[in-house]
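Engineer: I'd like to ask some things about the structure below.
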Amino acid sequence: MADRVTVIGWDGSPLTAAARSALSAATLVAGAAHHLALPEVPPAAERVRLGSVGLAARRIAGHRGTAVVLADGDPGFFGVVRALRAPEHGLEVEVVPAVSSVAAAFARAGMPWDDAHVVVAHEKTLRRAVNVCRAHPKVAVLTSPGAGPAELALLLDGVHRTFVVCEELGTSREQVSVLTSDKAADHTWRDPNVVLVIGGAGGTGASAAPWLMGRDPAAGAVRGWAGRSEEHEPGDRPGIGDDPTLRAVQLARLGPRAGDLVWDVGAAGGTFAVEAARFGAAVIAVDSDPAARARTEAAARRHGVLLQTVTGRAPHVLESLPEPDVVRIGAGGVAVVTACADRRPERIAAHATTRDEAEAIGTALTAGGYAVETLLLQTVGLDPADWTERERSVVFLLAGRRTTGAP
């Protein structure tokens with residue numbers, strides 16, 4: 001096993017004295033091609049191209065001598081330190097960090113970033129990274145080949161954002177470009193690059209002094225979940241689909257979270273859509289009524305969340321939407337349930353006011369490859385003054401969970 005492993009971050013600036021000292025004593029140096037070309041790398045040291053970190057870690061673990069790993073930026077921030085410290089390698093590392101590419105990108109843009117979300121986009125996480133960009137006004141995306149600015153822009157179709165694309169930070173070929181997201185797909189971008197995705201309420205304006213890294217999910221929102229509809233839609237009488245108890249159970253069964261895309265089909269006044277967005281999920285609220293779109297957008301502004309609204313009649317309007325992770329169906333019946341099940345989200349929640357309708361929806365979910373939970377929810381509101389009944393709600397909830405191996 002290597003006697004010592006030092007991980008050195010490099011941001012294009014001259015190496016520190018600690019980094020130069022570690023490099024001068026190295027008998028093995030691992031890094032990308034531009035790292036291995038640095039003049040400080042000892043000529044006699046064994047050189048390992050850092051393609052697969054796992055393979056390099058095994059080479060380092062079997063090396064008898066002093067090893068150095070060179071990496072861009074801060075190697076402890078979405079970098080190689082996590083992989084090198086994996087239990088299977090048994091490596092103890094010393095880290096000499098540099099300025100992270102995210103910090104450098106925001107510095108080039110002249111923006112604070114303590115209220116930003118940071119995501120990694122590669123082939124397996126690209127869609128989830130895009131969903132974070134849909135849901136939050138300030139996101140830094142660490143890209144990879146095939147999951148860069150052009151791919152982000154294509155998947156953000158219909159959502160306006162500003163891109164700050166920082167190519168080859170810290171090198172002589174560094175370039176910073178600012179453009180709208182709809183133009184980013186028309187360019188060829190050099191790797192490596194970092195993309196700052198900015199837009200929506202609070203994306204660039206001044207805000208109160210933050211106390212929590214990233215966006216505070218409670219900021220600007222009422223305390224608690226599944227409150228009465230009038231907290232969302234002042235003066236508007238809610239329908240059965242906006243019953244707070246129903247909404248609470250739907251949220252519990254669907255479990256929207258950061259990286260998810262939620263469809264709220266039949267959004268009405270946007271009460272469910274807003275609360276799903278408060279969990280950090282990206283939300284597309286669909287309704288055939290233009291007035292419902294306006295109410296949903298107003299509710300989103302009041303609660304300080306970002307979501308996308310689409311006006312159109314389901315199921316046809318759903319065909320052009322990006323793939324959902326979870327779906328709440330507030331209107332449309334069996335035809336909409338079937339269309340949503342065909343898109344294979346992980347979870348689907350729907351409701352019905354009659355047993356016949358509930359049976360039909362349950363049958364459609366089962367046929368679509370979902371395990372179905374059916375509940376009869378009854379809520380009775382009481383007047384605390386004399387305990388008389390004030391209002392009553394009775395509704396069937398159907399929650400579908402996609403089964404493994406379902407078609």
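Following the order of the structure tokens, first chain is A, next is B, and so on, with residues numbered from 1 inside each chain and ligands from 1 in the order they appear.
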Contacts of region 101-113 of chain A at 10 Å or less, counting only C-alpha atoms, minus same-chain residues fewer than 3 places along, as a PyMOL selection string?

Structural biologist: chain A and resi 10-11+72-74+77+98+116-118+138-142+164-170+175-178+192-196+204-206+213-214

Engineer: Can you spit out the residues from that selection as an mmCIF file, in the first residue's frame, using N, CA and C atoms?

Structural biologist:
data_model
loop_
_atom_site.group_PDB
_atom_site.id
_atom_site.type_symbol
_atom_site.label_atom_id
_atom_site.label_comp_id
_atom_site.auth_asym_id
_atom_site.auth_seq_id
_atom_site.Cartn_x
_atom_site.Cartn_y
_atom_site.Cartn_z
ATOM 1 N N TRP A 10 -6.147 21.768 -8.205
ATOM 2 C CA TRP A 10 -5.474 22.727 -9.096
ATOM 3 C C TRP A 10 -6.536 23.567 -9.784
ATOM 4 N N ASP A 11 -6.420 24.884 -9.688
ATOM 5 C CA ASP A 11 -7.407 25.782 -10.290
ATOM 6 C C ASP A 11 -6.808 26.684 -11.362
ATOM 7 N N ASP A 72 -8.903 18.837 -10.547
ATOM 8 C CA ASP A 72 -9.299 20.233 -10.732
ATOM 9 C C ASP A 72 -10.056 20.746 -9.519
ATOM 10 N N GLY A 73 -9.772 21.991 -9.142
ATOM 11 C CA GLY A 73 -10.538 22.662 -8.101
ATOM 12 C C GLY A 73 -10.344 22.054 -6.729
ATOM 13 N N ASP A 74 -11.445 22.001 -5.977
ATOM 14 C CA ASP A 74 -11.429 21.417 -4.641
ATOM 15 C C ASP A 74 -11.792 19.944 -4.766
ATOM 16 N N PHE A 77 -14.958 18.482 -3.041
ATOM 17 C CA PHE A 77 -16.286 18.990 -3.385
ATOM 18 C C PHE A 77 -16.714 18.340 -4.692
ATOM 19 N N ALA A 98 -7.894 23.545 -3.723
ATOM 20 C CA ALA A 98 -7.823 24.799 -4.461
ATOM 21 C C ALA A 98 -9.240 25.342 -4.564
ATOM 22 N N ALA A 116 -27.259 28.932 -3.634
ATOM 23 C CA ALA A 116 -27.332 28.128 -4.853
ATOM 24 C C ALA A 116 -27.406 26.635 -4.534
ATOM 25 N N HIS A 117 -27.992 25.903 -5.440
ATOM 26 C CA HIS A 117 -27.932 24.443 -5.409
ATOM 27 C C HIS A 117 -26.847 24.002 -6.386
ATOM 28 N N VAL A 118 -26.151 22.929 -6.046
ATOM 29 C CA VAL A 118 -25.088 22.408 -6.900
ATOM 30 C C VAL A 118 -25.425 20.961 -7.251
ATOM 31 N N LYS A 138 -31.397 29.324 -8.748
ATOM 32 C CA LYS A 138 -29.943 29.476 -8.900
ATOM 33 C C LYS A 138 -29.295 28.106 -8.699
ATOM 34 N N VAL A 139 -28.776 27.544 -9.796
ATOM 35 C CA VAL A 139 -28.215 26.193 -9.753
ATOM 36 C C VAL A 139 -26.889 26.187 -10.500
ATOM 37 N N ALA A 140 -25.886 25.583 -9.902
ATOM 38 C CA ALA A 140 -24.619 25.339 -10.590
ATOM 39 C C ALA A 140 -24.596 23.880 -11.026
ATOM 40 N N VAL A 141 -24.324 23.661 -12.287
ATOM 41 C CA VAL A 141 -24.323 22.307 -12.846
ATOM 42 C C VAL A 141 -22.902 21.936 -13.246
ATOM 43 N N LEU A 142 -22.353 20.914 -12.583
ATOM 44 C CA LEU A 142 -21.065 20.351 -12.970
ATOM 45 C C LEU A 142 -21.345 19.343 -14.074
ATOM 46 N N VAL A 164 -25.017 30.847 -17.618
ATOM 47 C CA VAL A 164 -23.646 31.370 -17.599
ATOM 48 C C VAL A 164 -22.746 30.149 -17.769
ATOM 49 N N VAL A 165 -22.176 30.003 -18.946
ATOM 50 C CA VAL A 165 -21.371 28.828 -19.280
ATOM 51 C C VAL A 165 -19.897 29.181 -19.135
ATOM 52 N N CYS A 166 -19.218 28.485 -18.223
ATOM 53 C CA CYS A 166 -17.803 28.747 -17.949
ATOM 54 C C CYS A 166 -16.986 27.566 -18.460
ATOM 55 N N GLU A 167 -16.262 27.787 -19.552
ATOM 56 C CA GLU A 167 -15.475 26.721 -20.179
ATOM 57 C C GLU A 167 -14.020 26.804 -19.748
ATOM 58 N N GLU A 168 -13.455 25.628 -19.440
ATOM 59 C CA GLU A 168 -12.024 25.482 -19.148
ATOM 60 C C GLU A 168 -11.529 26.538 -18.159
ATOM 61 N N LEU A 169 -12.203 26.618 -17.030
ATOM 62 C CA LEU A 169 -11.842 27.595 -16.010
ATOM 63 C C LEU A 169 -10.397 27.410 -15.549
ATOM 64 N N GLY A 170 -9.698 28.512 -15.362
ATOM 65 C CA GLY A 170 -8.345 28.477 -14.833
ATOM 66 C C GLY A 170 -7.270 28.203 -15.862
ATOM 67 N N GLN A 175 -13.243 30.659 -21.070
ATOM 68 C CA GLN A 175 -14.213 31.533 -21.717
ATOM 69 C C GLN A 175 -15.514 31.482 -20.936
ATOM 70 N N VAL A 176 -16.113 32.642 -20.711
ATOM 71 C CA VAL A 176 -17.388 32.752 -20.002
ATOM 72 C C VAL A 176 -18.410 33.355 -20.953
ATOM 73 N N SER A 177 -19.533 32.656 -21.139
ATOM 74 C CA SER A 177 -20.593 33.106 -22.055
ATOM 75 C C SER A 177 -21.897 33.216 -21.288
ATOM 76 N N VAL A 178 -22.641 34.287 -21.541
ATOM 77 C CA VAL A 178 -23.958 34.487 -20.930
ATOM 78 C C VAL A 178 -24.992 34.520 -22.049
ATOM 79 N N PRO A 192 -13.640 20.795 -19.911
ATOM 80 C CA PRO A 192 -14.723 20.785 -18.921
ATOM 81 C C PRO A 192 -15.402 22.148 -18.841
ATOM 82 N N ASN A 193 -16.663 22.141 -18.418
ATOM 83 C CA ASN A 193 -17.365 23.401 -18.215
ATOM 84 C C ASN A 193 -18.319 23.292 -17.044
ATOM 85 N N VAL A 194 -18.638 24.444 -16.485
ATOM 86 C CA VAL A 194 -19.631 24.575 -15.417
ATOM 87 C C VAL A 194 -20.707 25.510 -15.926
ATOM 88 N N VAL A 195 -21.974 25.168 -15.671
ATOM 89 C CA VAL A 195 -23.083 26.002 -16.116
ATOM 90 C C VAL A 195 -23.839 26.531 -14.907
ATOM 91 N N LEU A 196 -23.963 27.849 -14.832
ATOM 92 C CA LEU A 196 -24.832 28.468 -13.836
ATOM 93 C C LEU A 196 -26.184 28.695 -14.489
ATOM 94 N N THR A 204 -31.682 36.535 -9.192
ATOM 95 C CA THR A 204 -30.543 37.442 -9.222
ATOM 96 C C THR A 204 -30.672 38.603 -8.255
ATOM 97 N N GLY A 205 -31.827 38.769 -7.643
ATOM 98 C CA GLY A 205 -32.030 39.916 -6.774
ATOM 99 C C GLY A 205 -31.394 39.728 -5.417
ATOM 100 N N ALA A 206 -31.299 40.848 -4.695
ATOM 101 C CA ALA A 206 -30.743 40.797 -3.342
ATOM 102 C C ALA A 206 -31.751 40.150 -2.406
ATOM 103 N N MET A 213 -27.113 26.948 3.694
ATOM 104 C CA MET A 213 -26.614 26.793 2.332
ATOM 105 C C MET A 213 -27.726 26.289 1.429
ATOM 106 N N GLY A 214 -27.859 26.873 0.242
ATOM 107 C CA GLY A 214 -28.946 26.512 -0.653
ATOM 108 C C GLY A 214 -30.190 27.299 -0.305
#

Engineer: With only C-alpha atoms as the counted atoms, please give the residues lying no more than 12 Å from Thr66 (chain A), apart from itself and same-chain residues fewer than 6 positions off, as a PyMOL selection string.

Structural biologist: chain A and resi 1-7+21-30+42+45-46+60+93-94

Engineer: Within 12 Å of Leu126 (chain A), counting only C-alpha atoms, which residues show up once you throw out same-chain ones fewer than 3 positions away? Write them as a PyMOL selection string, please.

Structural biologist: chain A and resi 119-123+129-133+141-156+259-260

Engineer: If we count only C-alpha atoms, what is near region 278-287 of chain A at a cut-off of 8 Å, once residues fewer than 2 positions away on the same chain are taken out, given as a PyMOL selection string?

Structural biologist: chain A and resi 131-132+134-136+217-218+256-268+270+273-276+289-290+292-293+296+305-314

Engineer: Please, which residues of region 179-308 of chain A, numbered as in this document, come out strand (DSSP E) from DSSP, as number ranges by chain?

Structural biologist: A: 179-180, 193-198, 261-265, 282-287, 308

Engineer: CA of Leu382 (chain A) to CA of Trp225 (chain A): how many Å, to one decimal?

Structural biologist: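 A separation of 19.9 Å between them.
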
Engineer: List every residue of region 336-400 of chain A that DSSP, applied to the backbone of this structure, assigns to helix (DSSP H, G or I), and report them as JSON, numbers by chain.

Structural biologist: {"A": [336, 337, 338, 339, 340, 341, 355, 356, 357, 358, 359, 360, 361, 362, 363, 364, 365, 366, 367]}

Engineer: Please produce a file of those selected residues containing N, CA and C atoms, as a PDB file, in the first residue's frame.

Structural biologist:
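New file again00.pdb:
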ATOM      1  N   VAL A 336     -57.290   9.644 -18.277  1.00  0.00           N
ATOM      2  CA  VAL A 336     -56.067  10.329 -17.854  1.00  0.00           C
ATOM      3  C   VAL A 336     -55.194   9.397 -17.028  1.00  0.00           C
ATOM      4  N   VAL A 337     -55.813   8.592 -16.174  1.00  0.00           N
ATOM      5  CA  VAL A 337     -55.040   7.632 -15.378  1.00  0.00           C
ATOM      6  C   VAL A 337     -54.272   6.689 -16.285  1.00  0.00           C
ATOM      7  N   THR A 338     -54.925   6.181 -17.316  1.00  0.00           N
ATOM      8  CA  THR A 338     -54.273   5.256 -18.249  1.00  0.00           C
ATOM      9  C   THR A 338     -53.117   5.940 -18.978  1.00  0.00           C
ATOM     10  N   ALA A 339     -53.345   7.181 -19.431  1.00  0.00           N
ATOM     11  CA  ALA A 339     -52.287   7.903 -20.146  1.00  0.00           C
ATOM     12  C   ALA A 339     -51.086   8.153 -19.242  1.00  0.00           C
ATOM     13  N   CYS A 340     -51.334   8.478 -17.985  1.00  0.00           N
ATOM     14  CA  CYS A 340     -50.226   8.713 -17.042  1.00  0.00           C
ATOM     15  C   CYS A 340     -49.487   7.411 -16.735  1.00  0.00           C
ATOM     16  N   ALA A 341     -50.223   6.328 -16.548  1.00  0.00           N
ATOM     17  CA  ALA A 341     -49.590   5.032 -16.266  1.00  0.00           C
ATOM     18  C   ALA A 341     -48.703   4.599 -17.422  1.00  0.00           C
ATOM     19  N   ARG A 355     -67.879   4.924  -5.540  1.00  0.00           N
ATOM     20  CA  ARG A 355     -67.210   3.621  -5.525  1.00  0.00           C
ATOM     21  C   ARG A 355     -66.977   3.109  -6.933  1.00  0.00           C
ATOM     22  N   ASP A 356     -67.945   3.304  -7.823  1.00  0.00           N
ATOM     23  CA  ASP A 356     -67.774   2.829  -9.204  1.00  0.00           C
ATOM     24  C   ASP A 356     -66.576   3.498  -9.872  1.00  0.00           C
ATOM     25  N   GLU A 357     -66.436   4.804  -9.672  1.00  0.00           N
ATOM     26  CA  GLU A 357     -65.308   5.520 -10.256  1.00  0.00           C
ATOM     27  C   GLU A 357     -63.995   5.043  -9.638  1.00  0.00           C
ATOM     28  N   ALA A 358     -63.992   4.804  -8.339  1.00  0.00           N
ATOM     29  CA  ALA A 358     -62.785   4.318  -7.667  1.00  0.00           C
ATOM     30  C   ALA A 358     -62.382   2.945  -8.195  1.00  0.00           C
ATOM     31  N   GLU A 359     -63.361   2.060  -8.393  1.00  0.00           N
ATOM     32  CA  GLU A 359     -63.055   0.724  -8.920  1.00  0.00           C
ATOM     33  C   GLU A 359     -62.462   0.823 -10.317  1.00  0.00           C
ATOM     34  N   ALA A 360     -63.011   1.711 -11.150  1.00  0.00           N
ATOM     35  CA  ALA A 360     -62.510   1.852 -12.518  1.00  0.00           C
ATOM     36  C   ALA A 360     -61.079   2.382 -12.525  1.00  0.00           C
ATOM     37  N   ILE A 361     -60.781   3.358 -11.671  1.00  0.00           N
ATOM     38  CA  ILE A 361     -59.422   3.901 -11.599  1.00  0.00           C
ATOM     39  C   ILE A 361     -58.455   2.850 -11.072  1.00  0.00           C
ATOM     40  N   GLY A 362     -58.876   2.111 -10.042  1.00  0.00           N
ATOM     41  CA  GLY A 362     -58.029   1.054  -9.499  1.00  0.00           C
ATOM     42  C   GLY A 362     -57.722  -0.019 -10.526  1.00  0.00           C
ATOM     43  N   THR A 363     -58.718  -0.385 -11.323  1.00  0.00           N
ATOM     44  CA  THR A 363     -58.509  -1.383 -12.385  1.00  0.00           C
ATOM     45  C   THR A 363     -57.516  -0.871 -13.416  1.00  0.00           C
ATOM     46  N   ALA A 364     -57.635   0.411 -13.779  1.00  0.00           N
ATOM     47  CA  ALA A 364     -56.719   0.990 -14.770  1.00  0.00           C
ATOM     48  C   ALA A 364     -55.287   1.022 -14.237  1.00  0.00           C
ATOM     49  N   LEU A 365     -55.115   1.357 -12.968  1.00  0.00           N
ATOM     50  CA  LEU A 365     -53.773   1.374 -12.395  1.00  0.00           C
ATOM     51  C   LEU A 365     -53.182  -0.029 -12.330  1.00  0.00           C
ATOM     52  N   THR A 366     -53.976  -0.994 -11.934  1.00  0.00           N
ATOM     53  CA  THR A 366     -53.489  -2.377 -11.863  1.00  0.00           C
ATOM     54  C   THR A 366     -53.084  -2.875 -13.239  1.00  0.00           C
ATOM     55  N   ALA A 367     -53.913  -2.590 -14.239  1.00  0.00           N
ATOM     56  CA  ALA A 367     -53.598  -3.005 -15.616  1.00  0.00           C
ATOM     57  C   ALA A 367     -52.325  -2.331 -16.121  1.00  0.00           C
TER      58      ALA A 367
END

Engineer: When distances are computed from only C-alpha atoms, which of A:Ala350, A:Leu397, A:Ala56, A:Ala44 shows the smallest separation from Val326 (chain A)?

Structural biologist: A:Ala350

Engineer: If we count only C-alpha atoms, what is near His351 (chain A) at a cut-off of 12 Å, once residues fewer than 3 positions away on the same chain are taken out, given as a ChimeraX atom specification?

Structural biologist: /A:240-243,246-247,249-250,265-266,328-334,337,348,354-362,373-377,394-400
